[in-house]
$ cat data-v3.pdb   # PDB, C-alpha atoms
ATOM      1  CA  MET A   1     -17.642 -46.283  26.171  1.00  0.00           C
ATOM      2  CA  LYS A   2     -18.977 -43.073  27.721  1.00  0.00           C
ATOM      3  CA  PRO A   3     -21.830 -41.438  25.769  1.00  0.00           C
ATOM      4  CA  ASN A   4     -21.169 -38.027  24.243  1.00  0.00           C
ATOM      5  CA  LEU A   5     -23.728 -35.563  25.605  1.00  0.00           C
ATOM      6  CA  SER A   6     -22.361 -32.396  24.026  1.00  0.00           C
ATOM      7  CA  GLY A   7     -25.005 -32.381  21.279  1.00  0.00           C
ATOM      8  CA  ALA A   8     -27.814 -32.777  23.809  1.00  0.00           C
ATOM      9  CA  VAL A   9     -26.435 -30.004  26.032  1.00  0.00           C
ATOM     10  CA  VAL A  10     -26.172 -27.587  23.099  1.00  0.00           C
ATOM     11  CA  SER A  11     -29.689 -28.543  21.949  1.00  0.00           C
ATOM     12  CA  ILE A  12     -31.106 -27.885  25.434  1.00  0.00           C
ATOM     13  CA  ALA A  13     -29.324 -24.517  25.533  1.00  0.00           C
ATOM     14  CA  GLY A  14     -30.890 -23.700  22.156  1.00  0.00           C
ATOM     15  CA  LEU A  15     -34.348 -24.628  23.425  1.00  0.00           C
ATOM     16  CA  LEU A  16     -33.895 -22.463  26.540  1.00  0.00           C
ATOM     17  CA  LEU A  17     -32.676 -19.550  24.445  1.00  0.00           C
ATOM     18  CA  ALA A  18     -35.588 -19.864  22.019  1.00  0.00           C
ATOM     19  CA  GLY A  19     -38.062 -20.170  24.904  1.00  0.00           C
ATOM     20  CA  GLY A  20     -36.629 -17.054  26.545  1.00  0.00           C
ATOM     21  CA  GLY A  21     -36.980 -15.260  23.221  1.00  0.00           C
ATOM     22  CA  VAL A  22     -40.649 -16.207  22.912  1.00  0.00           C
ATOM     23  CA  TYR A  23     -41.268 -15.035  26.493  1.00  0.00           C
ATOM     24  CA  ALA A  24     -39.500 -11.696  25.883  1.00  0.00           C
ATOM     25  CA  MET A  25     -41.459 -11.148  22.666  1.00  0.00           C
ATOM     26  CA  SER A  26     -44.800 -11.866  24.332  1.00  0.00           C
ATOM     27  CA  THR A  27     -43.943  -9.605  27.298  1.00  0.00           C
ATOM     28  CA  GLY A  28     -42.745  -6.795  25.026  1.00  0.00           C
ATOM     29  CA  TRP A  29     -45.837  -7.012  22.820  1.00  0.00           C
ATOM     30  CA  ASP A  30     -48.055  -5.725  25.623  1.00  0.00           C
ATOM     31  CA  MET A  31     -45.793  -2.675  26.086  1.00  0.00           C
ATOM     32  CA  VAL A  32     -44.877  -2.086  22.446  1.00  0.00           C
ATOM     33  CA  GLN A  33     -45.919   1.587  22.609  1.00  0.00           C
ATOM     34  CA  LEU A  34     -43.169   2.233  25.134  1.00  0.00           C
ATOM     35  CA  GLU A  35     -39.475   2.131  24.349  1.00  0.00           C
ATOM     36  CA  ARG A  36     -39.048  -0.760  26.768  1.00  0.00           C
ATOM     37  CA  GLY A  37     -41.639  -2.820  24.910  1.00  0.00           C
ATOM     38  CA  TRP A  38     -39.855  -2.394  21.588  1.00  0.00           C
ATOM     39  CA  SER A  39     -36.543  -3.295  23.206  1.00  0.00           C
ATOM     40  CA  LEU A  40     -38.020  -6.451  24.729  1.00  0.00           C
ATOM     41  CA  PHE A  41     -39.675  -7.477  21.472  1.00  0.00           C
ATOM     42  CA  ILE A  42     -36.534  -6.941  19.399  1.00  0.00           C
ATOM     43  CA  SER A  43     -34.258  -8.697  21.893  1.00  0.00           C
ATOM     44  CA  GLY A  44     -36.766 -11.541  22.121  1.00  0.00           C
ATOM     45  CA  SER A  45     -36.733 -12.013  18.352  1.00  0.00           C
ATOM     46  CA  VAL A  46     -32.928 -12.094  18.396  1.00  0.00           C
ATOM     47  CA  MET A  47     -32.992 -14.664  21.209  1.00  0.00           C
ATOM     48  CA  LEU A  48     -35.549 -16.778  19.358  1.00  0.00           C
ATOM     49  CA  SER A  49     -33.547 -16.848  16.131  1.00  0.00           C
ATOM     50  CA  GLY A  50     -30.309 -17.502  18.034  1.00  0.00           C
ATOM     51  CA  GLY A  51     -31.995 -20.328  19.906  1.00  0.00           C
ATOM     52  CA  VAL A  52     -33.180 -21.971  16.694  1.00  0.00           C
ATOM     53  CA  VAL A  53     -29.663 -21.773  15.231  1.00  0.00           C
ATOM     54  CA  THR A  54     -28.154 -23.139  18.468  1.00  0.00           C
ATOM     55  CA  LEU A  55     -30.684 -25.981  18.476  1.00  0.00           C
ATOM     56  CA  ALA A  56     -29.713 -26.875  14.904  1.00  0.00           C
ATOM     57  CA  LEU A  57     -26.016 -26.793  15.815  1.00  0.00           C
ATOM     58  CA  GLY A  58     -26.710 -29.112  18.733  1.00  0.00           C
ATOM     59  CA  ARG A  59     -28.314 -31.615  16.409  1.00  0.00           C
ATOM     60  CA  VAL A  60     -25.331 -31.407  14.053  1.00  0.00           C
ATOM     61  CA  ILE A  61     -22.919 -31.992  16.950  1.00  0.00           C
ATOM     62  CA  ALA A  62     -24.930 -35.003  18.127  1.00  0.00           C
ATOM     63  CA  HIS A  63     -24.978 -36.485  14.629  1.00  0.00           C
ATOM     64  CA  LEU A  64     -21.228 -35.979  14.198  1.00  0.00           C
ATOM     65  CA  ALA A  65     -20.592 -37.582  17.592  1.00  0.00           C
ATOM     66  CA  ARG A  66     -22.620 -40.634  16.525  1.00  0.00           C
ATOM     67  CA  LEU A  67     -20.677 -40.882  13.257  1.00  0.00           C
ATOM     68  CA  GLY A  68     -17.365 -40.610  15.100  1.00  0.00           C
ATOM     69  CA  ALA A  69     -18.369 -43.288  17.595  1.00  0.00           C
ATOM     70  CA  ALA A  70     -19.479 -45.619  14.807  1.00  0.00           C
ATOM     71  CA  GLN A  71     -16.196 -45.102  12.978  1.00  0.00           C
ATOM     72  CA  LEU A  72     -14.187 -45.831  16.130  1.00  0.00           C
ATOM     73  CA  ALA A  73     -16.240 -48.961  16.813  1.00  0.00           C
ATOM     74  CA  SER A  74     -15.756 -50.300  13.291  1.00  0.00           C
ATOM     75  CA  ALA A  75     -12.006 -49.624  13.423  1.00  0.00           C
ATOM     76  CA  ALA A  76     -11.611 -51.327  16.812  1.00  0.00           C
ATOM     77  CA  ALA A  77     -13.659 -54.458  15.996  1.00  0.00           C
ATOM     78  CA  PRO A  78     -11.578 -57.331  14.566  1.00  0.00           C
ATOM     79  CA  ALA A  79     -12.560 -58.532  11.148  1.00  0.00           C
ATOM     80  CA  LYS A  80     -14.583 -61.749  11.369  1.00  0.00           C
ATOM     81  CA  VAL A  81     -13.752 -64.441   8.859  1.00  0.00           C
ATOM     82  CA  GLU A  82     -16.154 -67.269   8.483  1.00  0.00           C
ATOM     83  CA  ALA A  83     -14.408 -70.417   7.345  1.00  0.00           C
ATOM     84  CA  THR A  84     -17.593 -72.382   6.707  1.00  0.00           C
ATOM     85  CA  GLU A  85     -18.536 -70.370   3.652  1.00  0.00           C
ATOM     86  CA  THR A  86     -16.879 -71.201   0.387  1.00  0.00           C
ATOM     87  CA  PRO A  87     -16.334 -68.399  -2.019  1.00  0.00           C
ATOM     88  CA  ALA A  88     -18.482 -68.340  -5.126  1.00  0.00           C
ATOM     89  CA  PRO A  89     -16.731 -69.530  -8.260  1.00  0.00           C
ATOM     90  CA  ARG A  90     -15.368 -66.740 -10.380  1.00  0.00           C
ATOM     91  CA  PRO A  91     -16.238 -66.536 -14.020  1.00  0.00           C
ATOM     92  CA  LYS A  92     -13.308 -67.302 -16.273  1.00  0.00           C
ATOM     93  CA  ALA A  93     -11.588 -64.235 -17.588  1.00  0.00           C
ATOM     94  CA  GLU A  94     -10.895 -63.973 -21.263  1.00  0.00           C
ATOM     95  CA  ALA A  95      -7.328 -63.688 -22.326  1.00  0.00           C
ATOM     96  CA  VAL A  96      -6.429 -60.085 -22.874  1.00  0.00           C
ATOM     97  CA  ALA A  97      -3.281 -58.978 -24.597  1.00  0.00           C
ATOM     98  CA  PRO A  98      -1.086 -56.941 -22.294  1.00  0.00           C
ATOM     99  CA  LYS A  99      -1.062 -53.292 -23.078  1.00  0.00           C
ATOM    100  CA  ALA A 100       2.117 -51.759 -24.292  1.00  0.00           C
ATOM    101  CA  PRO A 101       3.627 -49.342 -21.801  1.00  0.00           C
ATOM    102  CA  VAL A 102       2.770 -45.760 -22.576  1.00  0.00           C
ATOM    103  CA  ALA A 103       5.797 -43.583 -23.083  1.00  0.00           C
ATOM    104  CA  PRO A 104       5.701 -40.220 -21.322  1.00  0.00           C
ATOM    105  CA  ALA A 105       4.742 -37.397 -23.594  1.00  0.00           C
ATOM    106  CA  ALA A 106       7.544 -35.255 -24.904  1.00  0.00           C
ATOM    107  CA  PRO A 107       7.688 -31.829 -23.265  1.00  0.00           C
ATOM    108  CA  ASP A 108       6.017 -29.070 -25.219  1.00  0.00           C
ATOM    109  CA  PRO A 109       8.731 -26.713 -26.524  1.00  0.00           C
ATOM    110  CA  LYS A 110       6.349 -23.743 -26.278  1.00  0.00           C
ATOM    111  CA  ARG A 111       5.648 -24.414 -22.620  1.00  0.00           C
ATOM    112  CA  PRO A 112       8.226 -23.337 -20.009  1.00  0.00           C
ATOM    113  CA  PRO A 113       9.420 -25.933 -17.464  1.00  0.00           C
ATOM    114  CA  LEU A 114       7.627 -26.196 -14.131  1.00  0.00           C
ATOM    115  CA  SER A 115      10.591 -24.808 -12.181  1.00  0.00           C
ATOM    116  CA  GLN A 116      10.508 -21.632 -14.251  1.00  0.00           C
ATOM    117  CA  ILE A 117       6.753 -21.267 -13.721  1.00  0.00           C
ATOM    118  CA  LEU A 118       7.146 -21.682  -9.955  1.00  0.00           C
ATOM    119  CA  LYS A 119       9.995 -19.150  -9.889  1.00  0.00           C
ATOM    120  CA  SER A 120       7.877 -16.613 -11.761  1.00  0.00           C
ATOM    121  CA  LEU A 121       5.064 -17.130  -9.250  1.00  0.00           C
ATOM    122  CA  ARG A 122       7.435 -16.580  -6.309  1.00  0.00           C
ATOM    123  CA  ASP A 123       9.160 -13.558  -7.849  1.00  0.00           C
ATOM    124  CA  PRO A 124       6.633 -11.739 -10.030  1.00  0.00           C
ATOM    125  CA  PRO A 125       8.044  -9.220 -12.475  1.00  0.00           C
ATOM    126  CA  PRO A 126       7.859  -5.592 -11.432  1.00  0.00           C
ATOM    127  CA  PRO A 127       4.785  -3.777 -12.690  1.00  0.00           C
ATOM    128  CA  PRO A 128       5.299  -1.641 -15.789  1.00  0.00           C
ATOM    129  CA  PRO A 129       5.828   2.041 -15.079  1.00  0.00           C
ATOM    130  CA  ASP A 130       2.630   4.015 -15.295  1.00  0.00           C
ATOM    131  CA  ALA A 131       2.238   6.573 -18.037  1.00  0.00           C
ATOM    132  CA  PRO A 132       2.540  10.081 -16.623  1.00  0.00           C
ATOM    133  CA  THR A 133      -0.737  11.787 -15.856  1.00  0.00           C
ATOM    134  CA  GLU A 134      -1.631  15.434 -16.219  1.00  0.00           C
ATOM    135  CA  VAL A 135      -1.097  17.386 -13.015  1.00  0.00           C
ATOM    136  CA  ASP A 136      -1.687  20.978 -14.106  1.00  0.00           C
ATOM    137  CA  ARG A 137      -2.491  22.943 -17.255  1.00  0.00           C
ATOM    138  CA  TYR A 138      -2.298  26.620 -18.019  1.00  0.00           C
ATOM    139  CA  GLU A 139      -2.169  28.937 -21.019  1.00  0.00           C
ATOM    140  CA  ALA A 140       0.198  31.833 -21.606  1.00  0.00           C
ATOM    141  CA  GLY A 141       1.295  33.665 -24.742  1.00  0.00           C
ATOM    142  CA  GLY A 142      -0.858  31.558 -27.087  1.00  0.00           C
ATOM    143  CA  SER A 143       0.631  28.256 -25.864  1.00  0.00           C
ATOM    144  CA  THR A 144      -0.782  25.611 -23.539  1.00  0.00           C
ATOM    145  CA  TYR A 145       1.618  24.232 -20.915  1.00  0.00           C
ATOM    146  CA  ILE A 146       0.790  20.813 -19.455  1.00  0.00           C
ATOM    147  CA  MET A 147       2.671  19.695 -16.334  1.00  0.00           C
ATOM    148  CA  MET A 148       2.929  15.897 -16.032  1.00  0.00           C
ATOM    149  CA  SER A 149       3.246  13.694 -12.924  1.00  0.00           C
ATOM    150  CA  ASP A 150       6.783  12.583 -13.819  1.00  0.00           C
ATOM    151  CA  GLY A 151       8.005  16.230 -13.901  1.00  0.00           C
ATOM    152  CA  SER A 152       7.966  16.592 -17.670  1.00  0.00           C
ATOM    153  CA  VAL A 153       6.256  19.483 -19.489  1.00  0.00           C
ATOM    154  CA  GLU A 154       4.340  19.402 -22.767  1.00  0.00           C
ATOM    155  CA  VAL A 155       3.939  22.630 -24.715  1.00  0.00           C
ATOM    156  CA  HIS A 156       1.170  22.908 -27.311  1.00  0.00           C
ATOM    157  CA  GLY A 157       1.809  26.045 -29.302  1.00  0.00           C
ATOM    158  CA  PRO A 158       1.296  27.520 -32.762  1.00  0.00           C
ATOM    159  CA  ASP A 159       4.476  25.805 -34.023  1.00  0.00           C
ATOM    160  CA  GLY A 160       3.431  22.334 -32.801  1.00  0.00           C
ATOM    161  CA  ARG A 161       3.790  20.164 -29.761  1.00  0.00           C
ATOM    162  CA  HIS A 162       7.028  19.778 -27.782  1.00  0.00           C
ATOM    163  CA  ARG A 163       7.839  17.683 -24.743  1.00  0.00           C
ATOM    164  CA  TYR A 164      10.565  18.641 -22.275  1.00  0.00           C
ATOM    165  CA  PRO A 165      11.917  16.309 -19.571  1.00  0.00           C
ATOM    166  CA  SER A 166      11.664  19.038 -16.921  1.00  0.00           C
ATOM    167  CA  LEU A 167      10.684  22.649 -16.345  1.00  0.00           C
ATOM    168  CA  ALA A 168      14.395  23.519 -16.108  1.00  0.00           C
ATOM    169  CA  ALA A 169      14.952  22.127 -19.635  1.00  0.00           C
ATOM    170  CA  LEU A 170      12.055  24.241 -20.930  1.00  0.00           C
ATOM    171  CA  ARG A 171      13.467  27.373 -19.276  1.00  0.00           C
ATOM    172  CA  ALA A 172      16.952  26.649 -20.638  1.00  0.00           C
ATOM    173  CA  GLU A 173      15.662  26.267 -24.222  1.00  0.00           C
ATOM    174  CA  ALA A 174      13.540  29.400 -23.931  1.00  0.00           C
ATOM    175  CA  GLY A 175      16.568  31.309 -22.602  1.00  0.00           C
ATOM    176  CA  LEU A 176      14.851  32.200 -19.330  1.00  0.00           C
ATOM    177  CA  PRO A 177      16.922  32.495 -16.158  1.00  0.00           C
ATOM    178  CA  MET A 178      16.439  29.910 -13.404  1.00  0.00           C
ATOM    179  CA  PRO A 179      14.707  31.276 -10.296  1.00  0.00           C
TER
END
$ encode --input "data-v3.pdb" --output "structure tokens"
Amino acid sequence: MKPNLSGAVVSIAGLLLAGGGVYAMSTGWDMVQLERGWSLFISGSVMLSGGVVTLALGRVIAHLARLGAAQLASAAAPAKVEATETPAPRPKAEAVAPKAPVAPAAPDPKRPPLSQILKSLRDPPPPPPDAPTEVDRYEAGGSTYIMMSDGSVEVHGPDGRHRYPSLAALRAEAGLPMP
């Protein structure tokens, strides 16, 4: 069987990358006061760390290749049976009464059946409508008018609080003409 060299190739690439990173860092260190020196040093540190990670990945690939090859070899090898060996005598087992078959538990009446649970997961119920939020508020004639996001209007006045389904309903009750 042909040896798997992918782990070794990746490990060598990691070593080359790490070596190039060390070289770039040492070259950039001499020129660190210039912009080019900083760039070399930073890129060298990135290359060094990338090389170390690549080296580690190469070792992992090599180890996985060895495990795969060992598994293939054990699956392909025929099982050897030695006829000269006699099996060791087994200790006598004590007589054990057979267990009575266990009846399945009765379904819990409080728990819905699985098909209903799966249906509710596929088709979730619609979200509840949000409570209307305040959009605008103003005061006029001793009353506070609160416009809500659903189009309704709340009026807080001296005679109490009233809620109208729309501004048109408020105008109609107040006897004001529609614009």
$ closest_residue --input "data-v3.pdb" --among "A:Leu72, A:Ile12, A:Val135, A:Met47" --to "Arg59 in chain A" --atoms "all atoms listed in the file"
A:Ile12
$ residues_around --input "data-v3.pdb" --residues "range 17-19 of chain A" --least-positions-apart "3" --cutoff "6 Å" --atoms "only C-alpha atoms" --output "number ranges by chain"
A: 14, 22, 47-48, 51
$ write_last_selection --input "data-v3.pdb" --atoms "C-alpha atoms" --output "compact mmCIF listing (two decimals), in the frame of the given file"
# COMPACT_ATOMS: atom_id res chain seq x y z
CA GLY A 14 -30.89 -23.70 22.16
CA VAL A 22 -40.65 -16.21 22.91
CA MET A 47 -32.99 -14.66 21.21
CA LEU A 48 -35.55 -16.78 19.36
CA GLY A 51 -32.00 -20.33 19.91
$ atom_distance --input "data-v3.pdb" --atom1 "CA of Thr27 in chain A" --atom2 "CA of Val52 in chain A"
19.5 Å
$ resolve_selection --input "data-v3.pdb" --expression "the PyMOL selection byres ((chain A and resi 61) around 10)" --output "PyMOL selection string"
chain A and resi 4-11+55-60+62-67
$ closest_residue --input "data-v3.pdb" --among "A:Val153, A:Thr54, A:Leu114, A:Trp29" --to "Ile42 in chain A" --atoms "only C-alpha atoms"
A:Trp29
$ residues_around --input "data-v3.pdb" --residues "range 145-147 of chain A" --least-positions-apart "3" --cutoff "10 Å" --atoms "all atoms listed in the file" --output "list of chain:residue names"
A:Pro132, A:Thr133, A:Glu134, A:Val135, A:Asp136, A:Arg137, A:Tyr138, A:Glu139, A:Ala140, A:Gly142, A:Asp150, A:Gly151, A:Ser152, A:Val153, A:Glu154, A:Val155, A:His156, A:Gly157, A:Arg161, A:His162, A:Arg163, A:Tyr164, A:Ser166, A:Leu167
$ atom_distance --input "data-v3.pdb" --atom1 "CA of Phe41 in chain A" --atom2 "CA of Leu16 in chain A"
16.8 Å
$ atom_distance --input "data-v3.pdb" --atom1 "CA of Met25 in chain A" --atom2 "CA of Ser49 in chain A"
11.7 Å
$ axis_aligned_box --input "data-v3.pdb" --around "range 150-161 of chain A" --padding-each-side "6 Å" --output "JSON"
{"center_x": 4.6, "center_y": 20.1, "center_z": -23.9, "size_x": 18.8, "size_y": 26.9, "size_z": 32.2}
